[in-house]
file query.tsv (TSV, C-alpha atoms)
chain	number	residue	atom	x	y	z
S	1	MET	CA	12.80	-21.70	9.83
S	2	PRO	CA	9.32	-20.35	10.65
S	3	PRO	CA	7.98	-17.58	8.36
S	4	LEU	CA	8.89	-14.02	9.35
S	5	TYR	CA	5.25	-12.95	9.14
S	6	PRO	CA	1.95	-14.84	9.38
S	7	VAL	CA	0.82	-16.29	6.05
S	8	GLY	CA	-2.17	-13.97	6.02
S	9	ILE	CA	0.04	-10.89	6.32
S	10	ASP	CA	2.33	-12.05	3.50
S	11	ARG	CA	-0.71	-12.65	1.28
S	12	LEU	CA	-2.25	-9.30	2.18
S	13	THR	CA	1.00	-7.47	1.49
S	14	GLU	CA	1.10	-8.80	-2.07
S	15	GLN	CA	-2.58	-8.00	-2.60
S	16	LEU	CA	-2.02	-4.41	-1.49
S	17	ARG	CA	1.07	-4.03	-3.66
S	18	ALA	CA	-0.98	-5.06	-6.70
S	19	ILE	CA	-3.46	-2.17	-6.30
S	20	PRO	CA	-3.07	0.46	-9.06
S	21	GLY	CA	-1.08	3.43	-7.82
S	22	VAL	CA	0.51	1.62	-4.88
S	23	VAL	CA	4.30	2.03	-4.80
S	24	ALA	CA	5.25	0.18	-1.63
S	25	VAL	CA	3.92	-1.48	1.52
S	26	THR	CA	5.65	-1.09	4.88
S	27	LEU	CA	5.34	-2.52	8.36
S	28	GLY	CA	5.05	0.13	11.07
S	29	GLY	CA	4.19	0.50	14.72
S	30	SER	CA	5.55	-1.62	17.53
S	31	ARG	CA	6.15	-4.65	15.30
S	32	ALA	CA	8.51	-2.70	13.05
S	33	ARG	CA	10.50	-1.66	16.12
S	34	GLY	CA	10.45	-5.12	17.71
S	35	GLU	CA	8.50	-3.77	20.70
S	36	GLN	CA	5.21	-5.58	20.11
S	37	ARG	CA	3.17	-7.20	22.84
S	38	PRO	CA	1.06	-10.35	22.54
S	39	GLY	CA	-1.95	-9.40	20.46
S	40	SER	CA	-0.43	-6.22	19.03
S	41	ASP	CA	-1.98	-5.07	15.78
S	42	TRP	CA	-0.15	-5.28	12.48
S	43	ASP	CA	0.24	-1.73	11.10
S	44	LEU	CA	0.79	-1.61	7.34
S	45	GLY	CA	1.64	1.58	5.46
S	46	LEU	CA	0.18	1.76	1.95
S	47	TYR	CA	2.30	4.26	0.01
S	48	TYR	CA	0.80	5.42	-3.28
S	49	ARG	CA	0.95	8.10	-5.94
S	50	GLY	CA	-1.94	9.67	-7.76
S	51	ARG	CA	-5.44	8.38	-7.12
S	52	LEU	CA	-6.04	5.48	-4.76
S	53	ASP	CA	-9.38	3.73	-5.26
S	54	ALA	CA	-10.53	2.31	-1.92
S	55	ASP	CA	-12.91	-0.03	-3.75
S	56	ASN	CA	-9.86	-2.13	-4.55
S	57	LEU	CA	-9.43	-2.74	-0.83
S	58	ARG	CA	-13.14	-3.36	-0.29
S	59	ALA	CA	-13.03	-6.00	-3.00
S	60	MET	CA	-10.61	-8.03	-0.87
S	61	ASP	CA	-13.62	-8.63	1.39
S	62	TYR	CA	-11.78	-8.86	4.71
S	63	PRO	CA	-13.96	-8.35	7.81
S	64	GLY	CA	-13.77	-4.76	9.02
S	65	THR	CA	-13.94	-1.21	7.69
S	66	VAL	CA	-12.44	0.54	4.67
S	67	VAL	CA	-12.60	4.32	4.20
S	68	ASP	CA	-11.77	6.55	1.24
S	69	PRO	CA	-8.56	8.60	1.05
S	70	GLY	CA	-9.01	11.89	2.87
S	71	ASP	CA	-11.65	10.63	5.30
S	72	TRP	CA	-9.24	10.82	8.26
S	73	GLY	CA	-7.67	14.16	7.33
S	74	ARG	CA	-4.77	15.39	5.23
S	75	LEU	CA	-2.05	13.43	7.05
S	76	MET	CA	-3.59	10.31	8.56
S	77	ASN	CA	-5.53	10.25	5.28
S	78	GLY	CA	-7.49	7.01	5.65
S	79	GLY	CA	-7.17	3.27	5.63
S	80	ALA	CA	-8.73	0.02	6.71
S	81	TRP	CA	-9.32	-1.81	9.98
S	82	TRP	CA	-9.41	-5.50	9.25
S	83	THR	CA	-9.20	-8.94	10.76
S	84	VAL	CA	-7.04	-11.16	8.56
S	85	ASP	CA	-6.90	-14.84	9.51
S	86	GLY	CA	-7.78	-13.88	13.08
S	87	VAL	CA	-5.13	-11.13	13.22
S	88	LYS	CA	-5.96	-7.44	13.66
S	89	VAL	CA	-4.52	-5.34	10.85
S	90	ASP	CA	-4.53	-1.57	10.33
S	91	VAL	CA	-3.78	-0.37	6.81
S	92	LEU	CA	-2.85	3.31	6.61
S	93	TYR	CA	-2.86	5.26	3.34
S	94	ARG	CA	0.13	7.51	2.71
S	95	ASP	CA	0.27	9.77	-0.36
S	96	LEU	CA	3.94	9.84	-1.35
S	97	ASP	CA	3.68	13.37	-2.77
S	98	VAL	CA	2.39	14.60	0.60
S	99	VAL	CA	5.10	12.68	2.44
S	100	ARG	CA	7.77	14.11	0.15
S	101	TYR	CA	6.52	17.66	0.73
S	102	TRP	CA	6.66	17.35	4.52
S	103	THR	CA	10.05	15.66	4.27
S	104	GLU	CA	11.35	18.70	2.41
S	105	GLN	CA	9.77	21.02	4.97
S	106	ALA	CA	11.30	19.06	7.85
S	107	GLU	CA	14.73	19.40	6.25
S	108	LEU	CA	14.19	23.16	6.47
S	109	GLY	CA	13.05	22.91	10.08
S	110	ARG	CA	9.43	23.64	9.21
S	111	PHE	CA	6.38	21.74	10.39
S	112	GLU	CA	2.75	22.14	11.40
S	113	VAL	CA	0.64	20.38	14.01
S	114	ASP	CA	-2.75	18.94	13.06
S	115	ASP	CA	-5.63	18.21	15.38
S	116	LEU	CA	-6.23	14.46	15.24
S	117	LEU	CA	-8.57	12.14	17.07
S	118	GLY	CA	-6.76	10.26	19.83
S	119	TYR	CA	-3.99	12.86	20.16
S	120	LEU	CA	-3.88	15.51	22.90
S	121	ALA	CA	-0.93	17.57	21.71
S	122	GLY	CA	-1.70	17.00	18.03
S	123	PHE	CA	-0.01	15.23	15.14
S	124	PRO	CA	3.13	16.96	13.80
S	125	THR	CA	3.58	16.88	10.05
S	126	TYR	CA	7.06	15.45	10.49
S	127	ALA	CA	5.53	12.29	11.95
S	128	VAL	CA	4.88	11.02	8.41
S	129	VAL	CA	8.62	11.45	7.81
S	130	GLY	CA	9.37	9.48	10.96
S	131	GLU	CA	7.14	6.67	9.72
S	132	LEU	CA	9.45	6.27	6.74
S	133	ALA	CA	12.50	6.37	8.98
S	134	LEU	CA	11.25	3.79	11.47
S	135	GLY	CA	9.15	1.54	9.25
S	136	ARG	CA	10.23	-1.72	7.69
S	137	GLN	CA	9.59	-2.04	3.98
S	138	LEU	CA	7.87	-5.25	2.97
S	139	THR	CA	7.50	-4.89	-0.77
S	140	GLY	CA	7.64	-2.42	-3.66
S	141	ALA	CA	10.04	0.23	-4.91
S	142	PRO	CA	12.68	1.30	-2.35
S	143	LEU	CA	11.53	4.14	-0.11
S	144	GLN	CA	13.64	6.86	1.46
S	145	ARG	CA	14.83	6.29	5.06
S	146	PRO	CA	15.29	9.88	6.27
S	147	SER	CA	17.32	10.85	9.32
S	148	PHE	CA	16.13	13.47	11.80
S	149	PRO	CA	17.08	16.83	10.24
S	150	ASP	CA	19.44	19.12	12.13
S	151	ALA	CA	17.22	22.11	11.31
S	152	LEU	CA	14.28	20.34	12.95
S	153	LYS	CA	16.36	19.65	16.06
S	154	ARG	CA	16.72	23.41	16.42
S	155	SER	CA	13.23	24.58	15.47
S	156	ALA	CA	10.92	21.91	16.90
S	157	PRO	CA	11.97	22.20	20.57
S	158	ARG	CA	11.35	25.97	20.51
S	159	ASN	CA	7.94	25.49	18.92
S	160	TRP	CA	6.83	22.77	21.31
S	161	ARG	CA	8.06	24.66	24.39
S	162	TRP	CA	6.20	27.78	23.31
S	163	ARG	CA	3.01	25.69	23.04
S	164	ALA	CA	3.63	24.14	26.45
S	165	ALA	CA	4.18	27.54	28.10
S	166	PHE	CA	1.02	28.91	26.49
S	167	HIS	CA	-1.12	26.04	27.74
S	168	ARG	CA	0.34	26.18	31.25
S	169	GLU	CA	-0.49	29.87	31.46
S	170	TYR	CA	-3.97	29.25	30.15
S	171	ALA	CA	-4.44	26.47	32.70
S	172	GLN	CA	-3.86	29.02	35.47
S	173	GLN	CA	-6.76	31.07	34.13
S	174	HIS	CA	-9.00	28.02	34.42
S	175	ILE	CA	-7.77	27.40	37.97
S	176	ALA	CA	-8.59	31.01	38.89
S	177	ARG	CA	-12.16	30.37	37.72
S	178	GLY	CA	-12.40	27.10	39.63
S	179	ASP	CA	-12.43	24.95	36.48
S	180	HIS	CA	-9.86	22.41	37.64
S	181	ARG	CA	-10.83	19.72	35.16
S	182	ALA	CA	-10.11	21.96	32.16
S	183	ALA	CA	-6.88	23.08	33.83
S	184	ALA	CA	-5.76	19.48	34.29
S	185	ALA	CA	-6.40	18.77	30.62
S	186	LEU	CA	-4.31	21.76	29.56
S	187	LEU	CA	-1.49	20.83	31.93
S	188	THR	CA	-1.44	17.28	30.55
S	189	ARG	CA	-1.27	18.67	27.04
S	190	ALA	CA	1.60	20.95	28.09
S	191	ASP	CA	3.49	17.95	29.48
S	192	LEU	CA	3.10	16.11	26.18
S	193	GLU	CA	4.33	19.18	24.30
S	194	GLN	CA	7.33	19.36	26.61
S	195	ALA	CA	7.99	15.69	25.85
S	196	HIS	CA	7.89	16.43	22.12
S	197	ALA	CA	10.43	19.19	22.69
S	198	ARG	CA	12.84	16.93	24.57
S	199	LEU	CA	12.69	14.15	22.00
S	200	ALA	CA	13.07	16.53	19.06
S	201	GLU	CA	16.14	17.96	20.77
S	202	ARG	CA	17.54	14.43	20.92
S	203	GLY	CA	16.66	13.81	17.28
S	204	GLU	CA	14.14	11.10	18.08
S	205	TRP	CA	11.02	10.60	15.96
S	206	VAL	CA	7.63	10.70	17.67
S	207	LEU	CA	4.81	8.96	15.80
S	208	ASN	CA	2.17	8.96	18.53
S	209	GLU	CA	1.68	9.78	22.19
S	210	LYS	CA	1.83	6.23	23.55
S	211	GLY	CA	4.56	6.13	26.20
S	212	LEU	CA	5.68	9.62	25.17
S	213	LEU	CA	5.99	11.02	28.69
S	214	THR	CA	8.03	8.05	29.86
S	215	ARG	CA	10.36	8.30	26.86
S	216	ALA	CA	10.98	11.94	27.68
S	217	GLY	CA	11.61	11.26	31.37
S	218	LEU	CA	8.45	13.04	32.53
S	219	PRO	CA	5.96	11.74	35.12
S	220	SER	CA	3.22	9.68	33.49
S	221	THR	CA	0.90	9.56	36.52

call {"tool": "encode", "arguments": {"input": "query.tsv", "output": "structure tokens"}}
result
Amino acid sequence: MPPLYPVGIDRLTEQLRAIPGVVAVTLGGSRARGEQRPGSDWDLGLYYRGRLDADNLRAMDYPGTVVDPGDWGRLMNGGAWWTVDGVKVDVLYRDLDVVRYWTEQAELGRFEVDDLLGYLAGFPTYAVVGELALGRQLTGAPLQRPSFPDALKRSAPRNWRWRAAFHREYAQQHIARGDHRAAAALLTRADLEQAHARLAERGEWVLNEKGLLTRAGLPST
């Protein structure tokens, strides 16, 4: 039988697992869900405890970029963009203590939304919990596979719908001033927030905004 993953990915996984502080390595994104397209990146989650020294990743000397933990914010944290044997690979740092905290908060129906580059509606803190739920573990100590909490099914839709209503109302103020471009941006954000609400109500994890409107049954054009 052919290997499950390219040789370069298998080798990289073991190299990452050997870094001090690393607990486990997971496969995420479309490849973990079996929804990849030709040329899709390989998204690897690097779960660690304590201090993670990014110089250990730089020493692997793969072509691309490596950043220090915290450079991309408190949740996205940091990672590497590499090309490994001709394959595009994204390595994302995940502090297990941070993930555990937001898992506990999600169980109580609590979450926050962070501003994050590439996201219009923002990045909910429970997305790092969803990564655990939807990811495929490749190596390391067994990680939790949480289900969507009932408390979050109740609280998240209300929160997202309040945000959507606020932005729709604010869009009308822009329209009244003739600023239709700003209004369109706010209305698009409100649609994404409505999509978050619908999917949370169904107990479905949302990790990013790709295809989010379609998943929620909202117009995407």

call {"tool": "residues_near_point", "arguments": {"input": "query.tsv", "point": "(5.7, -4.6, 0.2)", "cutoff": "12 Å", "atoms": "only C-alpha atoms", "output": "number ranges by chain"}}
result
S: 9-19, 22-28, 44-48, 135-143

call {"tool": "residues_around", "arguments": {"input": "query.tsv", "residues": "Val89 (chain S)", "least_positions_apart": "4", "cutoff": "10 Å", "atoms": "all atoms listed in the file", "output": "mmCIF file with C-alpha atoms, in the coordinates of the input"}}
result
data_model
loop_
_atom_site.group_PDB
_atom_site.id
_atom_site.type_symbol
_atom_site.label_atom_id
_atom_site.label_comp_id
_atom_site.auth_asym_id
_atom_site.auth_seq_id
_atom_site.Cartn_x
_atom_site.Cartn_y
_atom_site.Cartn_z
ATOM 1 C CA ILE S 9 0.040 -10.890 6.320
ATOM 2 C CA LEU S 12 -2.250 -9.300 2.180
ATOM 3 C CA SER S 40 -0.430 -6.220 19.030
ATOM 4 C CA ASP S 41 -1.980 -5.070 15.780
ATOM 5 C CA TRP S 42 -0.150 -5.280 12.480
ATOM 6 C CA ASP S 43 0.240 -1.730 11.100
ATOM 7 C CA LEU S 44 0.790 -1.610 7.340
ATOM 8 C CA GLY S 64 -13.770 -4.760 9.020
ATOM 9 C CA ALA S 80 -8.730 0.020 6.710
ATOM 10 C CA TRP S 81 -9.320 -1.810 9.980
ATOM 11 C CA TRP S 82 -9.410 -5.500 9.250
ATOM 12 C CA THR S 83 -9.200 -8.940 10.760
ATOM 13 C CA VAL S 84 -7.040 -11.160 8.560
ATOM 14 C CA ASP S 85 -6.900 -14.840 9.510
#

call {"tool": "atom_distance", "arguments": {"input": "query.tsv", "atom1": "CA of Arg189 (chain S)", "atom2": "CA of Val113 (chain S)"}}
result
13.3 Å

call {"tool": "closest_residue", "arguments": {"input": "query.tsv", "among": "S:Arg181, S:Arg94, S:His196, S:Arg51", "to": "Asn77 (chain S)", "atoms": "all atoms listed in the file"}}
result
S:Arg94

call {"tool": "residues_around", "arguments": {"input": "query.tsv", "residues": "region 204-217 of chain S", "least_positions_apart": "5", "cutoff": "6 Å", "atoms": "all atoms listed in the file", "output": "list in words"}}
result
Ala127, Gly130, Ala195 and Leu199 of chain S

call {"tool": "closest_residue", "arguments": {"input": "query.tsv", "among": "S:Asp115, S:Asp150, S:Asp191, S:Asp68", "to": "Leu52 (chain S)", "atoms": "only C-alpha atoms"}}
result
S:Asp68

call {"tool": "atom_distance", "arguments": {"input": "query.tsv", "atom1": "CA of Phe111 (chain S)", "atom2": "CA of Ser155 (chain S)"}}
result
9.0 Å

call {"tool": "atom_distance", "arguments": {"input": "query.tsv", "atom1": "CA of Arg158 (chain S)", "atom2": "CA of Arg198 (chain S)"}}
result
10.0 Å

call {"tool": "residues_around", "arguments": {"input": "query.tsv", "residues": "Ala197 (chain S)", "least_positions_apart": "5", "cutoff": "9 Å", "atoms": "all atoms listed in the file", "output": "PyMOL selection string"}}
result
chain S and resi 153+156-161+192+202+216

call {"tool": "build_atoms", "arguments": {"input": "query.tsv", "residues": "region 147-170 of chain S", "atoms": "N, CA and C atoms", "output": "PDB file, in the coordinates of the input"}}
result
ATOM      1  N   SER S 147      16.839  10.635   7.950  1.00  0.00           N
ATOM      2  CA  SER S 147      17.320  10.850   9.320  1.00  0.00           C
ATOM      3  C   SER S 147      16.653  12.106   9.870  1.00  0.00           C
ATOM      4  N   PHE S 148      16.754  12.301  11.182  1.00  0.00           N
ATOM      5  CA  PHE S 148      16.130  13.470  11.800  1.00  0.00           C
ATOM      6  C   PHE S 148      16.933  14.709  11.428  1.00  0.00           C
ATOM      7  N   PRO S 149      16.312  15.672  10.741  1.00  0.00           N
ATOM      8  CA  PRO S 149      17.080  16.830  10.240  1.00  0.00           C
ATOM      9  C   PRO S 149      17.631  17.712  11.356  1.00  0.00           C
ATOM     10  N   ASP S 150      18.830  18.217  11.157  1.00  0.00           N
ATOM     11  CA  ASP S 150      19.440  19.120  12.130  1.00  0.00           C
ATOM     12  C   ASP S 150      18.595  20.379  12.313  1.00  0.00           C
ATOM     13  N   ALA S 151      18.038  20.893  11.208  1.00  0.00           N
ATOM     14  CA  ALA S 151      17.220  22.110  11.310  1.00  0.00           C
ATOM     15  C   ALA S 151      15.999  21.877  12.186  1.00  0.00           C
ATOM     16  N   LEU S 152      15.450  20.663  12.134  1.00  0.00           N
ATOM     17  CA  LEU S 152      14.280  20.340  12.950  1.00  0.00           C
ATOM     18  C   LEU S 152      14.663  20.197  14.425  1.00  0.00           C
ATOM     19  N   LYS S 153      15.883  19.726  14.675  1.00  0.00           N
ATOM     20  CA  LYS S 153      16.360  19.650  16.060  1.00  0.00           C
ATOM     21  C   LYS S 153      16.407  21.029  16.712  1.00  0.00           C
ATOM     22  N   ARG S 154      16.641  22.047  15.888  1.00  0.00           N
ATOM     23  CA  ARG S 154      16.720  23.410  16.420  1.00  0.00           C
ATOM     24  C   ARG S 154      15.337  24.054  16.521  1.00  0.00           C
ATOM     25  N   SER S 155      14.497  23.858  15.508  1.00  0.00           N
ATOM     26  CA  SER S 155      13.230  24.580  15.470  1.00  0.00           C
ATOM     27  C   SER S 155      12.115  23.917  16.282  1.00  0.00           C
ATOM     28  N   ALA S 156      12.047  22.589  16.249  1.00  0.00           N
ATOM     29  CA  ALA S 156      10.920  21.910  16.900  1.00  0.00           C
ATOM     30  C   ALA S 156      10.895  22.105  18.411  1.00  0.00           C
ATOM     31  N   PRO S 157      12.030  21.990  19.129  1.00  0.00           N
ATOM     32  CA  PRO S 157      11.970  22.200  20.570  1.00  0.00           C
ATOM     33  C   PRO S 157      11.431  23.583  20.945  1.00  0.00           C
ATOM     34  N   ARG S 158      11.849  24.622  20.226  1.00  0.00           N
ATOM     35  CA  ARG S 158      11.350  25.970  20.510  1.00  0.00           C
ATOM     36  C   ARG S 158       9.842  26.034  20.319  1.00  0.00           C
ATOM     37  N   ASN S 159       9.369  25.467  19.232  1.00  0.00           N
ATOM     38  CA  ASN S 159       7.940  25.490  18.920  1.00  0.00           C
ATOM     39  C   ASN S 159       7.129  24.773  19.979  1.00  0.00           C
ATOM     40  N   TRP S 160       7.570  23.552  20.313  1.00  0.00           N
ATOM     41  CA  TRP S 160       6.830  22.770  21.310  1.00  0.00           C
ATOM     42  C   TRP S 160       6.869  23.428  22.671  1.00  0.00           C
ATOM     43  N   ARG S 161       7.986  24.020  23.070  1.00  0.00           N
ATOM     44  CA  ARG S 161       8.060  24.660  24.390  1.00  0.00           C
ATOM     45  C   ARG S 161       7.201  25.914  24.449  1.00  0.00           C
ATOM     46  N   TRP S 162       7.097  26.625  23.335  1.00  0.00           N
ATOM     47  CA  TRP S 162       6.200  27.780  23.310  1.00  0.00           C
ATOM     48  C   TRP S 162       4.762  27.329  23.511  1.00  0.00           C
ATOM     49  N   ARG S 163       4.361  26.238  22.874  1.00  0.00           N
ATOM     50  CA  ARG S 163       3.010  25.690  23.040  1.00  0.00           C
ATOM     51  C   ARG S 163       2.777  25.278  24.498  1.00  0.00           C
ATOM     52  N   ALA S 164       3.779  24.605  25.072  1.00  0.00           N
ATOM     53  CA  ALA S 164       3.630  24.140  26.450  1.00  0.00           C
ATOM     54  C   ALA S 164       3.464  25.327  27.407  1.00  0.00           C
ATOM     55  N   ALA S 165       4.272  26.367  27.227  1.00  0.00           N
ATOM     56  CA  ALA S 165       4.180  27.540  28.100  1.00  0.00           C
ATOM     57  C   ALA S 165       2.822  28.216  27.956  1.00  0.00           C
ATOM     58  N   PHE S 166       2.336  28.308  26.729  1.00  0.00           N
ATOM     59  CA  PHE S 166       1.020  28.910  26.490  1.00  0.00           C
ATOM     60  C   PHE S 166      -0.073  28.151  27.219  1.00  0.00           C
ATOM     61  N   HIS S 167      -0.062  26.831  27.119  1.00  0.00           N
ATOM     62  CA  HIS S 167      -1.120  26.040  27.740  1.00  0.00           C
ATOM     63  C   HIS S 167      -1.010  26.022  29.264  1.00  0.00           C
ATOM     64  N   ARG S 168       0.203  26.093  29.792  1.00  0.00           N
ATOM     65  CA  ARG S 168       0.340  26.180  31.250  1.00  0.00           C
ATOM     66  C   ARG S 168      -0.219  27.502  31.778  1.00  0.00           C
ATOM     67  N   GLU S 169       0.057  28.569  31.047  1.00  0.00           N
ATOM     68  CA  GLU S 169      -0.490  29.870  31.460  1.00  0.00           C
ATOM     69  C   GLU S 169      -2.004  29.880  31.359  1.00  0.00           C
ATOM     70  N   TYR S 170      -2.524  29.295  30.322  1.00  0.00           N
ATOM     71  CA  TYR S 170      -3.970  29.250  30.150  1.00  0.00           C
ATOM     72  C   TYR S 170      -4.620  28.384  31.215  1.00  0.00           C
TER      73      TYR S 170
END
